[in-house]
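**Student:** Can you keep this structure in mind? I'll have questions shortly.
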Amino acid sequence: MIATDSLADWLGARTDAQLVKLLQLRPDLAVPLPASMSVLAVRAQQRASVLRAADDLDTLEFAIIEALTTNEDARTIGSELTRLTRTTLHAQLKDRVTKTAFTAALTRLLDRALVWQVGDDLDLTPSAAEALPWPLGATTALPDALTEPEVIAALATASPPDRALLDKLATTGPRGRTRDAAPGTDPARPVPRLLAARLLHWIDDETVELPVTVGQILRGEPVTDPHALAPPKPALVKNAATEVNAVGAGEVGELLRDAGDLIDALGTLPAPALRAGGLGVREARRLAKQTGIDEQRTGLLLELLAAAKLVEKGLPEPTPDLDATDDFWAPTPAADSWLDAPPATRWVTLAQAWLELDRMPWMIGMRDAADKPIAALSAELRVPHAVRDRAAILGLLAEYPTGTAVTPADIGKLLAWRMPRRRRHFRLEAVTATLAEAAIVGLLGRGALDSAARALLHGSVADAESEMAAALPKPVDHVLVQADLTVIAPGPLVPELRGKIALVANVESAGAATVYRVSDATVRRALDAGLTAAELHALFATHSRTPVPQSLTYLIDDVARRHGQLRVGMAQSFLRSDDPALLAQVLAAPVAETLALRAIAPTVAIALAPLTEMLDQLRKAGFAPAGEDSGGAIVDLRPRGARISVRPLARRPYRPTPPNDDQLSQLVTELRAGERAAGARTGRSVRTDGTRTGTAATLALLQLAARVGRPVNIGYVDAQGVATQRVVEPLRVGNGQLDAVDPVSGATRHFTLHRIASVALLD
């Protein structure tokens, strides 16, 4: 109780602003509201709360904790050591840290109530020693282990049996029991060899331990040195801001094009979902082949589209060819509005989805515990600390000037120094993969944050969209038509022109300049959509900066001359032609039997097959029919992509929302009031029992206090059922409430009489 009492006294002496900062740094201390400083002190020393608060401590702060722990342990076993003060503690560390850095680190520990002062002496929360990310004494004892280069050199010469033993200890635990550690063991055995090479530490005749540095290198973690009390200085690479923005904008162009292609592919043929909810490897490969996108990139894009609710799992509509009992991954209706939005707006949607994604897409294809590949969109990709780690990596880059790049290895080492308890999260593999994803999303260029990414990280979506719009190439309103029937777009096309070109030509290669190819099928597709030959000629004549080649003119005229000589409509469907001989030719062909065609007039036949099936079968048979409506006009019968409704979000487990600054200030005020009430000396008191007699006695005591101007200590239960003790000065009692003055703030407060559980006059 001595430590708790001294901590409670120290907390009581803190200013309101300092207590508010404590509750900001450790919000779990404020829920529910502690009744007094003693309760707050007990919570502040609870092991779970201390370990949670220690997650963000850096190496220097842990060195201070270790020094205080070592001193306390020495005093416990009877040493004549006295408590450490600021001066004596800094004297122990002054050779490795500046006074400014030491003062700042100690202040951060005091702000978190992990360390407090009794007079000039420093005291430590007992559970803080359990939060040390390395064995006790690592920061104060002289280093005797191998350095990182020495470990790497020694591992390179280790035999396969030796390396297997080290890998086992690195993954299961640093200590191992073996008889080979005893003296006299054959030196040719693995354990004696590793002890001689200092890749293992001898503990006793049956125990060996893997050094921290060796384990970190084997696991791919950044190597941390507990003796390095100053943060490492990374090597910085400078780039021009304009170059960084240009590279980022180029990646955004690729991102938006590939995302649009995936939406189209899933709309054309939705992908079956696995029973576990993910996307099968076969379907992922099919999408990658269909869109021409790398499989790993396809997985990342699918994760982004699903996070942005542009792709969802369910039963899409229409579903004529899909098993109604299975779920499929398909676009949602929101995908259509997203595809029509400006490029910068579309980018912000995907970039925000990635920043807030509690999953790690770079793990797609890795093996799980059952040695099965992890599928895209599966539950195995969910990692609780994904958002926090991603923010830490990008936040570090944001600390440096625009255009500054830092290598993944240096990022991992610096973050491991800042957060050694979380150093395993910043393995080289994880940092490298996170930066690669950030580059694909368009947040990085040349390894540095671009201007739009910086704006987005600072929470300004409008500024981020504006920065990206300025960096993206301006849309062009012209193309270059070549003699080989290719159409080159020298940049992103304006939306109207892009839609028309995509209708009359297929993309052959994408990039800064997109190459389209015109063919019989694409011209027929444009005619099916309702365009005429004259409109196609006008399209190229108006928007081509090069002369329209005769080969394209001939192609359009030839397809248009044959297009629409046969007209397909609804009967179930019907077939008509102004040329009776042509209709007779169709009726004599094998396709007539397939479609069950029957002539009802010299120029009209009907069929039981649906309209789309009739069009497909006639085209496969070598004819060139066109669809028409009831008025005889050609209708656009291109297939519409499937869409799936967004499912309502699953109910998440309840988590209390941390209070804001104003609420924390009010909490501190209530805490002060409770503390005064707990320490006040009382005279006459009344506790209500819900009876008329108890209520009358409470009312009489409050009226007496108001007449004579005596403060009272009231027990009050608020609307949420939380009971607190408050010291107030009654002004008046009536109309079912007590009006009283808070003696500290001077504000008038109102209390409902039936919620007052007890009243005590204060001496």
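Naming works like this for the structure tokens: A, B, ... for the chains as they're shown, residue 1 at the start of each chain, ligands 1 onward in shown order.
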Pull the strand (DSSP E) assignments for range 112-235 of chain A out of DSSP run on the backbone, and list those residues as a list in words.
**Tutor:** Val115, Trp116, Gln117, Val118, Asp121, Leu122, Asp123, Leu124, Arg175, Gly176, Arg177, His201, Trp202, Ile203, Asp204, Thr207, Val208 and Glu209 of chain A
**Student:** How about saving the chosen residues, all heavy atoms kept, as a short mmCIF file (atom, residue, chain, number, x, y, z; two decimals), in the first residue's frame?
**Tutor:**
data_model
loop_
_atom_site.label_atom_id
_atom_site.label_comp_id
_atom_site.auth_asym_id
_atom_site.auth_seq_id
_atom_site.Cartn_x
_atom_site.Cartn_y
_atom_site.Cartn_z
N VAL A 115 6.42 6.29 -13.89
CA VAL A 115 7.40 6.75 -12.90
C VAL A 115 6.79 7.95 -12.20
O VAL A 115 6.08 8.74 -12.82
CB VAL A 115 8.73 7.14 -13.59
CG1 VAL A 115 9.69 7.78 -12.59
CG2 VAL A 115 9.37 5.92 -14.24
N TRP A 116 7.03 8.07 -10.89
CA TRP A 116 6.57 9.25 -10.16
C TRP A 116 7.62 9.65 -9.14
O TRP A 116 8.60 8.93 -8.91
CB TRP A 116 5.22 9.00 -9.51
CG TRP A 116 5.21 8.09 -8.32
CD1 TRP A 116 5.32 8.44 -7.01
CD2 TRP A 116 5.07 6.67 -8.34
NE1 TRP A 116 5.28 7.34 -6.21
CE2 TRP A 116 5.11 6.24 -7.00
CE3 TRP A 116 4.92 5.73 -9.36
CZ2 TRP A 116 5.02 4.90 -6.65
CZ3 TRP A 116 4.82 4.41 -9.01
CH2 TRP A 116 4.87 4.00 -7.68
N GLN A 117 7.44 10.80 -8.54
CA GLN A 117 8.42 11.36 -7.61
C GLN A 117 7.85 11.41 -6.20
O GLN A 117 6.70 11.77 -5.99
CB GLN A 117 8.83 12.77 -8.03
CG GLN A 117 9.69 12.81 -9.28
CD GLN A 117 10.15 14.22 -9.60
OE1 GLN A 117 9.58 14.86 -10.47
NE2 GLN A 117 11.16 14.68 -8.90
N VAL A 118 8.71 11.03 -5.23
CA VAL A 118 8.42 11.22 -3.81
C VAL A 118 9.51 12.15 -3.29
O VAL A 118 10.63 11.72 -3.03
CB VAL A 118 8.43 9.88 -3.04
CG1 VAL A 118 8.12 10.12 -1.57
CG2 VAL A 118 7.44 8.91 -3.65
N ASP A 121 13.09 11.95 -4.93
CA ASP A 121 13.36 10.57 -5.32
C ASP A 121 12.37 10.11 -6.39
O ASP A 121 11.20 10.49 -6.39
CB ASP A 121 13.24 9.64 -4.11
CG ASP A 121 14.25 9.99 -3.03
OD1 ASP A 121 15.31 10.52 -3.38
OD2 ASP A 121 13.95 9.76 -1.84
N LEU A 122 12.88 9.27 -7.29
CA LEU A 122 12.05 8.69 -8.34
C LEU A 122 11.57 7.31 -7.91
O LEU A 122 12.34 6.53 -7.33
CB LEU A 122 12.84 8.59 -9.65
CG LEU A 122 13.28 9.91 -10.29
CD1 LEU A 122 14.16 9.63 -11.50
CD2 LEU A 122 12.07 10.75 -10.69
N ASP A 123 10.32 7.03 -8.19
CA ASP A 123 9.76 5.72 -7.88
C ASP A 123 9.18 5.13 -9.16
O ASP A 123 8.80 5.85 -10.08
CB ASP A 123 8.67 5.84 -6.82
CG ASP A 123 8.75 4.71 -5.81
OD1 ASP A 123 9.15 3.62 -6.23
OD2 ASP A 123 8.42 4.93 -4.64
N LEU A 124 9.09 3.80 -9.21
CA LEU A 124 8.69 3.10 -10.43
C LEU A 124 7.49 2.22 -10.16
O LEU A 124 7.40 1.56 -9.12
CB LEU A 124 9.86 2.23 -10.93
CG LEU A 124 9.61 1.36 -12.16
CD1 LEU A 124 9.45 2.22 -13.40
CD2 LEU A 124 10.75 0.36 -12.34
N ARG A 175 15.71 -20.36 -25.03
CA ARG A 175 16.40 -21.32 -24.18
C ARG A 175 16.08 -22.75 -24.56
O ARG A 175 14.94 -23.06 -24.93
CB ARG A 175 16.05 -21.09 -22.71
CG ARG A 175 16.66 -19.81 -22.14
CD ARG A 175 16.75 -19.86 -20.63
NE ARG A 175 17.50 -18.71 -20.12
CZ ARG A 175 17.87 -18.55 -18.86
NH1 ARG A 175 17.54 -19.48 -17.96
NH2 ARG A 175 18.55 -17.50 -18.48
N GLY A 176 17.11 -23.60 -24.49
CA GLY A 176 16.93 -25.01 -24.79
C GLY A 176 17.71 -25.86 -23.81
O GLY A 176 18.77 -25.46 -23.33
N ARG A 177 17.18 -27.03 -23.52
CA ARG A 177 17.84 -27.94 -22.59
C ARG A 177 18.49 -29.06 -23.38
O ARG A 177 17.88 -29.66 -24.27
CB ARG A 177 16.84 -28.51 -21.59
CG ARG A 177 16.22 -27.44 -20.68
CD ARG A 177 15.31 -28.06 -19.63
NE ARG A 177 16.02 -28.96 -18.74
CZ ARG A 177 16.73 -28.56 -17.68
NH1 ARG A 177 16.82 -27.27 -17.40
NH2 ARG A 177 17.35 -29.44 -16.90
N HIS A 201 24.75 -19.05 -25.92
CA HIS A 201 25.30 -18.72 -24.61
C HIS A 201 25.10 -19.90 -23.67
O HIS A 201 24.03 -20.52 -23.65
CB HIS A 201 24.61 -17.48 -24.02
CG HIS A 201 25.09 -16.21 -24.62
ND1 HIS A 201 24.45 -15.00 -24.43
CD2 HIS A 201 26.16 -15.94 -25.40
CE1 HIS A 201 25.10 -14.05 -25.08
NE2 HIS A 201 26.13 -14.61 -25.68
N TRP A 202 26.12 -20.20 -22.89
CA TRP A 202 26.04 -21.29 -21.91
C TRP A 202 25.37 -20.77 -20.64
O TRP A 202 25.76 -19.73 -20.09
CB TRP A 202 27.44 -21.81 -21.60
CG TRP A 202 27.46 -22.98 -20.67
CD1 TRP A 202 27.33 -24.29 -21.00
CD2 TRP A 202 27.64 -22.94 -19.24
NE1 TRP A 202 27.41 -25.10 -19.89
CE2 TRP A 202 27.60 -24.28 -18.79
CE3 TRP A 202 27.82 -21.93 -18.32
CZ2 TRP A 202 27.74 -24.61 -17.44
CZ3 TRP A 202 27.95 -22.25 -16.98
CH2 TRP A 202 27.91 -23.58 -16.54
N ILE A 203 24.33 -21.47 -20.16
CA ILE A 203 23.65 -21.09 -18.92
C ILE A 203 24.08 -22.03 -17.79
O ILE A 203 24.51 -21.59 -16.73
CB ILE A 203 22.13 -21.12 -19.09
CG1 ILE A 203 21.70 -20.19 -20.24
CG2 ILE A 203 21.43 -20.71 -17.80
CD1 ILE A 203 22.07 -18.73 -20.04
N ASP A 204 23.93 -23.34 -18.02
CA ASP A 204 24.43 -24.33 -17.07
C ASP A 204 24.70 -25.61 -17.86
O ASP A 204 24.63 -25.61 -19.10
CB ASP A 204 23.46 -24.56 -15.91
CG ASP A 204 22.04 -24.95 -16.37
OD1 ASP A 204 21.94 -25.73 -17.34
OD2 ASP A 204 21.07 -24.48 -15.77
N THR A 207 21.61 -26.31 -20.04
CA THR A 207 20.82 -25.23 -20.63
C THR A 207 21.71 -24.31 -21.46
O THR A 207 22.82 -23.93 -21.03
CB THR A 207 20.13 -24.38 -19.55
OG1 THR A 207 19.43 -25.25 -18.66
CG2 THR A 207 19.14 -23.40 -20.18
N VAL A 208 21.22 -23.96 -22.64
CA VAL A 208 21.88 -22.96 -23.49
C VAL A 208 20.84 -21.93 -23.90
O VAL A 208 19.62 -22.18 -23.82
CB VAL A 208 22.51 -23.60 -24.75
CG1 VAL A 208 23.66 -24.51 -24.39
CG2 VAL A 208 21.46 -24.35 -25.56
N GLU A 209 21.30 -20.76 -24.32
CA GLU A 209 20.38 -19.68 -24.68
C GLU A 209 20.85 -19.03 -25.98
O GLU A 209 22.05 -18.83 -26.19
CB GLU A 209 20.32 -18.63 -23.58
CG GLU A 209 19.31 -17.53 -23.86
CD GLU A 209 19.20 -16.55 -22.70
OE1 GLU A 209 20.27 -16.05 -22.28
OE2 GLU A 209 18.09 -16.29 -22.23
#
**Student:** Could you give me, as a VMD selection string, the residues within 12 Å of Glu496 in chain A, counting only C-alpha atoms and dropping anything in the same chain fewer than 3 positions from it?
**Tutor:** chain A and resid 340 475 to 478 492 to 493 499 to 503 539 543
**Student:** May I have the selected residues written with N, CA and C atoms, as a PDB file, in the first residue's frame?
**Tutor:**
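Below is the file that was written, part.pdb:
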ATOM      1  N   ASP A 340     -17.462   6.254 -62.903  1.00  0.00           N
ATOM      2  CA  ASP A 340     -17.787   7.512 -63.575  1.00  0.00           C
ATOM      3  C   ASP A 340     -17.180   8.730 -62.883  1.00  0.00           C
ATOM      4  N   PRO A 475      -6.330  15.212 -69.147  1.00  0.00           N
ATOM      5  CA  PRO A 475      -6.978  14.403 -70.194  1.00  0.00           C
ATOM      6  C   PRO A 475      -6.862  15.074 -71.565  1.00  0.00           C
ATOM      7  N   VAL A 476      -6.685  14.249 -72.572  1.00  0.00           N
ATOM      8  CA  VAL A 476      -6.565  14.761 -73.947  1.00  0.00           C
ATOM      9  C   VAL A 476      -7.840  14.431 -74.708  1.00  0.00           C
ATOM     10  N   ASP A 477      -8.092  15.219 -75.750  1.00  0.00           N
ATOM     11  CA  ASP A 477      -9.316  15.032 -76.541  1.00  0.00           C
ATOM     12  C   ASP A 477      -9.005  14.604 -77.962  1.00  0.00           C
ATOM     13  N   HIS A 478      -7.867  13.934 -78.146  1.00  0.00           N
ATOM     14  CA  HIS A 478      -7.509  13.500 -79.499  1.00  0.00           C
ATOM     15  C   HIS A 478      -6.770  12.175 -79.439  1.00  0.00           C
ATOM     16  N   PRO A 492      -4.377  10.090 -70.911  1.00  0.00           N
ATOM     17  CA  PRO A 492      -5.751   9.736 -70.539  1.00  0.00           C
ATOM     18  C   PRO A 492      -6.753  10.551 -71.345  1.00  0.00           C
ATOM     19  N   LEU A 493      -7.731   9.874 -71.900  1.00  0.00           N
ATOM     20  CA  LEU A 493      -8.729  10.538 -72.736  1.00  0.00           C
ATOM     21  C   LEU A 493      -9.823  11.157 -71.872  1.00  0.00           C
ATOM     22  N   GLY A 499     -15.065   6.670 -73.717  1.00  0.00           N
ATOM     23  CA  GLY A 499     -16.160   5.728 -73.861  1.00  0.00           C
ATOM     24  C   GLY A 499     -16.396   5.327 -75.309  1.00  0.00           C
ATOM     25  N   LYS A 500     -16.300   6.291 -76.214  1.00  0.00           N
ATOM     26  CA  LYS A 500     -16.543   5.976 -77.629  1.00  0.00           C
ATOM     27  C   LYS A 500     -15.415   5.134 -78.215  1.00  0.00           C
ATOM     28  N   ILE A 501     -14.160   5.481 -77.856  1.00  0.00           N
ATOM     29  CA  ILE A 501     -13.031   4.707 -78.384  1.00  0.00           C
ATOM     30  C   ILE A 501     -13.066   3.288 -77.821  1.00  0.00           C
ATOM     31  N   ALA A 502     -13.389   3.141 -76.534  1.00  0.00           N
ATOM     32  CA  ALA A 502     -13.472   1.808 -75.937  1.00  0.00           C
ATOM     33  C   ALA A 502     -14.575   0.983 -76.574  1.00  0.00           C
ATOM     34  N   LEU A 503     -15.590   1.654 -77.143  1.00  0.00           N
ATOM     35  CA  LEU A 503     -16.689   0.947 -77.791  1.00  0.00           C
ATOM     36  C   LEU A 503     -16.283   0.423 -79.160  1.00  0.00           C
ATOM     37  N   LEU A 539     -16.326  10.357 -85.954  1.00  0.00           N
ATOM     38  CA  LEU A 539     -15.563  10.227 -84.706  1.00  0.00           C
ATOM     39  C   LEU A 539     -14.067  10.290 -84.975  1.00  0.00           C
ATOM     40  N   HIS A 543     -11.446  13.559 -84.145  1.00  0.00           N
ATOM     41  CA  HIS A 543     -10.541  13.437 -82.996  1.00  0.00           C
ATOM     42  C   HIS A 543      -9.165  12.899 -83.350  1.00  0.00           C
TER      43      HIS A 543
END
**Student:** List as number ranges by chain the protein and nucleic acid residues near range 21-37 of chain A, meaning an atom at most 9 Å away when only C-alpha atoms are counted, but skip any in the same chain fewer than 5 places from it.
**Tutor:** A: 7-9, 11-12, 16, 42-44, 49, 52-53, 110-113, 656, 658-661, 664, 667, 670-678, 722-725
**Student:** What does the file look like for those residues with N, CA, C and O atoms, as a short mmCIF file (atom, residue, chain, number, x, y, z; two decimals), in the first residue's frame?
**Tutor:**
data_model
loop_
_atom_site.label_atom_id
_atom_site.label_comp_id
_atom_site.auth_asym_id
_atom_site.auth_seq_id
_atom_site.Cartn_x
_atom_site.Cartn_y
_atom_site.Cartn_z
N LEU A 7 1.88 7.10 -4.76
CA LEU A 7 1.46 7.44 -6.12
C LEU A 7 0.17 8.25 -6.08
O LEU A 7 0.01 9.21 -6.85
N ALA A 8 -0.76 7.88 -5.20
CA ALA A 8 -2.02 8.63 -5.09
C ALA A 8 -1.75 10.07 -4.66
O ALA A 8 -2.36 11.01 -5.19
N ASP A 9 -0.83 10.25 -3.70
CA ASP A 9 -0.49 11.61 -3.26
C ASP A 9 0.14 12.40 -4.40
O ASP A 9 -0.14 13.58 -4.59
N LEU A 11 -0.28 11.88 -7.64
CA LEU A 11 -1.32 12.18 -8.62
C LEU A 11 -2.19 13.34 -8.15
O LEU A 11 -2.59 14.21 -8.94
N GLY A 12 -2.50 13.36 -6.85
CA GLY A 12 -3.30 14.45 -6.33
C GLY A 12 -2.62 15.80 -6.44
O GLY A 12 -3.29 16.84 -6.54
N ASP A 16 -4.51 19.89 -13.20
CA ASP A 16 -5.59 19.33 -14.00
C ASP A 16 -5.12 19.01 -15.41
O ASP A 16 -5.50 17.98 -15.99
N VAL A 42 -4.37 2.77 -8.09
CA VAL A 42 -4.43 1.31 -8.20
C VAL A 42 -4.55 0.89 -9.66
O VAL A 42 -3.87 -0.04 -10.12
N ARG A 43 -5.41 1.57 -10.41
CA ARG A 43 -5.56 1.24 -11.84
C ARG A 43 -4.26 1.48 -12.60
O ARG A 43 -3.89 0.71 -13.49
N ALA A 44 -3.57 2.57 -12.26
CA ALA A 44 -2.35 2.92 -12.99
C ALA A 44 -1.25 1.89 -12.79
O ALA A 44 -0.30 1.83 -13.59
N SER A 49 -2.71 -2.72 -17.72
CA SER A 49 -2.66 -1.31 -18.11
C SER A 49 -1.23 -0.84 -18.33
O SER A 49 -0.94 -0.10 -19.27
N ARG A 52 0.14 -2.21 -21.58
CA ARG A 52 -0.46 -1.51 -22.72
C ARG A 52 0.20 -0.14 -22.90
O ARG A 52 0.49 0.27 -24.01
N ALA A 53 0.44 0.55 -21.79
CA ALA A 53 1.07 1.87 -21.88
C ALA A 53 2.52 1.79 -22.32
O ALA A 53 3.05 2.73 -22.91
N LEU A 110 6.81 10.19 -16.67
CA LEU A 110 6.01 10.84 -15.64
C LEU A 110 4.60 11.13 -16.15
O LEU A 110 3.62 10.98 -15.42
N ASP A 111 4.49 11.55 -17.41
CA ASP A 111 3.18 11.84 -17.99
C ASP A 111 2.30 10.60 -17.99
O ASP A 111 1.07 10.70 -17.88
N ARG A 112 2.91 9.43 -18.14
CA ARG A 112 2.15 8.17 -18.18
C ARG A 112 1.99 7.54 -16.80
O ARG A 112 1.41 6.46 -16.68
N ALA A 113 2.54 8.18 -15.77
CA ALA A 113 2.49 7.67 -14.39
C ALA A 113 3.15 6.30 -14.27
O ALA A 113 2.81 5.51 -13.38
N PRO A 656 -15.83 0.67 -25.83
CA PRO A 656 -16.13 2.03 -25.37
C PRO A 656 -15.31 3.06 -26.13
O PRO A 656 -14.13 2.86 -26.41
N PRO A 658 -13.15 6.27 -26.46
CA PRO A 658 -12.37 7.09 -25.53
C PRO A 658 -12.95 8.50 -25.44
O PRO A 658 -13.38 9.07 -26.44
N PRO A 659 -13.01 9.08 -24.24
CA PRO A 659 -13.56 10.44 -24.10
C PRO A 659 -12.68 11.47 -24.78
O PRO A 659 -11.46 11.30 -24.91
N ASN A 660 -13.30 12.57 -25.23
CA ASN A 660 -12.54 13.65 -25.85
C ASN A 660 -11.95 14.56 -24.78
O ASN A 660 -12.13 14.33 -23.57
N ASP A 661 -11.24 15.62 -25.20
CA ASP A 661 -10.54 16.49 -24.25
C ASP A 661 -11.50 17.17 -23.29
O ASP A 661 -11.21 17.28 -22.09
N LEU A 664 -12.63 14.69 -20.79
CA LEU A 664 -11.56 14.38 -19.84
C LEU A 664 -11.41 15.48 -18.80
O LEU A 664 -11.18 15.20 -17.62
N LEU A 667 -14.07 14.94 -16.40
CA LEU A 667 -13.75 13.79 -15.57
C LEU A 667 -12.77 14.15 -14.46
O LEU A 667 -12.90 13.70 -13.32
N GLU A 670 -14.62 15.98 -11.79
CA GLU A 670 -15.38 15.05 -10.97
C GLU A 670 -14.45 14.26 -10.04
O GLU A 670 -14.79 13.98 -8.88
N LEU A 671 -13.29 13.90 -10.55
CA LEU A 671 -12.31 13.17 -9.73
C LEU A 671 -11.84 14.01 -8.56
O LEU A 671 -11.71 13.52 -7.43
N ARG A 672 -11.58 15.30 -8.80
CA ARG A 672 -11.19 16.20 -7.71
C ARG A 672 -12.30 16.30 -6.66
O ARG A 672 -12.03 16.30 -5.45
N ALA A 673 -13.54 16.39 -7.15
CA ALA A 673 -14.66 16.48 -6.21
C ALA A 673 -14.77 15.21 -5.37
O ALA A 673 -14.99 15.27 -4.15
N GLY A 674 -14.61 14.06 -6.00
CA GLY A 674 -14.64 12.81 -5.26
C GLY A 674 -13.52 12.71 -4.26
O GLY A 674 -13.69 12.18 -3.15
N GLU A 675 -12.33 13.21 -4.61
CA GLU A 675 -11.19 13.18 -3.71
C GLU A 675 -11.44 14.07 -2.49
O GLU A 675 -11.12 13.70 -1.36
N ARG A 676 -12.02 15.26 -2.71
CA ARG A 676 -12.33 16.14 -1.58
C ARG A 676 -13.38 15.50 -0.68
O ARG A 676 -13.30 15.58 0.54
N ALA A 677 -14.36 14.85 -1.31
CA ALA A 677 -15.40 14.21 -0.51
C ALA A 677 -14.84 13.06 0.32
O ALA A 677 -15.23 12.87 1.47
N ALA A 678 -13.91 12.30 -0.27
CA ALA A 678 -13.34 11.17 0.46
C ALA A 678 -12.50 11.61 1.64
O ALA A 678 -12.42 10.92 2.66
N VAL A 722 -24.04 5.55 -11.99
CA VAL A 722 -22.70 5.67 -11.41
C VAL A 722 -22.79 6.49 -10.13
O VAL A 722 -23.28 7.63 -10.14
N ALA A 723 -22.32 5.92 -9.02
CA ALA A 723 -22.36 6.60 -7.73
C ALA A 723 -21.06 7.34 -7.48
O ALA A 723 -19.97 6.79 -7.68
N THR A 724 -21.15 8.60 -7.06
CA THR A 724 -19.98 9.42 -6.76
C THR A 724 -20.22 10.19 -5.48
O THR A 724 -21.36 10.38 -5.03
N GLN A 725 -19.12 10.67 -4.88
CA GLN A 725 -19.17 11.54 -3.72
C GLN A 725 -18.76 12.94 -4.15
O GLN A 725 -17.77 13.10 -4.87
#
**Student:** As JSON, numbers by chain, list the residues of range 295-483 of chain A assigned to alpha helix (DSSP H) by DSSP on the backbone atoms of this structure.
**Tutor:** {"A": [295, 296, 297, 298, 299, 300, 301, 302, 303, 304, 305, 306, 307, 334, 335, 336, 337, 338, 339, 340, 343, 344, 345, 346, 347, 348, 349, 350, 351, 352, 353, 354, 355, 386, 387, 388, 389, 390, 391, 392, 393, 394, 395, 396, 397, 398, 408, 409, 410, 411, 412, 413, 414, 415, 416, 417, 418, 428, 429, 430, 431, 432, 433, 434, 435, 436, 437, 438, 439, 440, 441, 451, 452, 453, 454, 455, 456, 457, 461, 462, 463, 464, 465, 466, 467, 468, 469, 470, 471]}
**Student:** In terms of the shortest atom-to-atom distance over only C-alpha atoms, which of A:Leu449, A:Pro149, A:Ala430, A:Arg359 is closest to Pro384 in chain A?
**Tutor:**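 Among A:Leu449, A:Pro149, A:Ala430, A:Arg359, it is A:Arg359 that comes nearest to Pro384 in chain A.
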**Student:** Could you pull the residues within 12 Å of Val479 in chain A, counting only C-alpha atoms, minus those fewer than 5 positions along the same chain, as a PyMOL selection string?
**Tutor:** chain A and resi 486-494+497-498+500-501+513-516+539-548
**Student:** Name the closest residue to Ala288 in chain A among the candidates A:Leu262, A:Glu254, A:Leu51, A:Leu274; distances are taken between atoms, counting only C-alpha atoms.
**Tutor:**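 Checking each candidate against Ala288 in chain A, we get A:Leu262 as the closest.
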**Student:** Residues within 10 Å of Ala54 in chain A, please, as an MDAnalysis selection string. Count only C-alpha atoms; anything in the same chain fewer than 2 positions from it doesn't count.
**Tutor:** chainID A and resid 48:52 56:58 61:62 109 112 114 128 130:133 419:421
**Student:** In Å, how far is it from CA of Ala436 in chain A to CA of Gly299 in chain A?
**Tutor:**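 Rounded to one decimal, the two atoms are 13.7 Å apart.
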**Student:** Env of Thr87 in chain A: 10 Å cut, atoms = only C-alpha atoms, seq-sep filter 4 positions within chain, self excluded. Answer as a short mmCIF file (atom, residue, chain, number, x, y, z; two decimals) with C-alpha atoms, in the first residue's frame.
**Tutor:**
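Final output, saved to part-v4.cif:
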data_model
loop_
_atom_site.label_atom_id
_atom_site.label_comp_id
_atom_site.auth_asym_id
_atom_site.auth_seq_id
_atom_site.Cartn_x
_atom_site.Cartn_y
_atom_site.Cartn_z
CA ALA A 91 24.73 10.55 -14.02
CA GLN A 92 24.43 6.81 -14.69
CA LYS A 94 25.14 10.66 -19.22
CA LYS A 99 20.56 15.84 -20.82
CA ASP A 120 13.33 14.35 -5.11
CA ASP A 121 13.36 10.57 -5.32
#
**Student:** Find the residue from A:Val387, A:Leu377, A:Ile411, A:Ile293 that sits nearest to Pro234 in chain A; use only C-alpha atoms when measuring.
**Tutor:**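 Ranking A:Val387, A:Leu377, A:Ile411, A:Ile293 by distance to Pro234 in chain A, first place goes to A:Ile411.
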**Student:** How many Å lie between CA of Leu485 in chain A and CA of Ser519 in chain A, rounded to one decimal?
**Tutor:**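 Here the two named atoms are 7.6 Å from each other.
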**Student:** Using only C-alpha atoms, which protein or nucleic acid residues come within 10 Å of Pro373 in chain A? Drop anything in the same chain fewer than 3 positions from it, and give the result as an MDAnalysis selection string.
**Tutor:** chainID A and resid 280:281 363:370 376
**Student:** Out of A:Leu68, A:Ala599, A:Ala510, A:Ala341, which residue has the shortest atom-to-atom distance to Asp258 in chain A when counting only C-alpha atoms?
**Tutor:**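 For Asp258 in chain A, the nearest of the candidates is A:Ala510.
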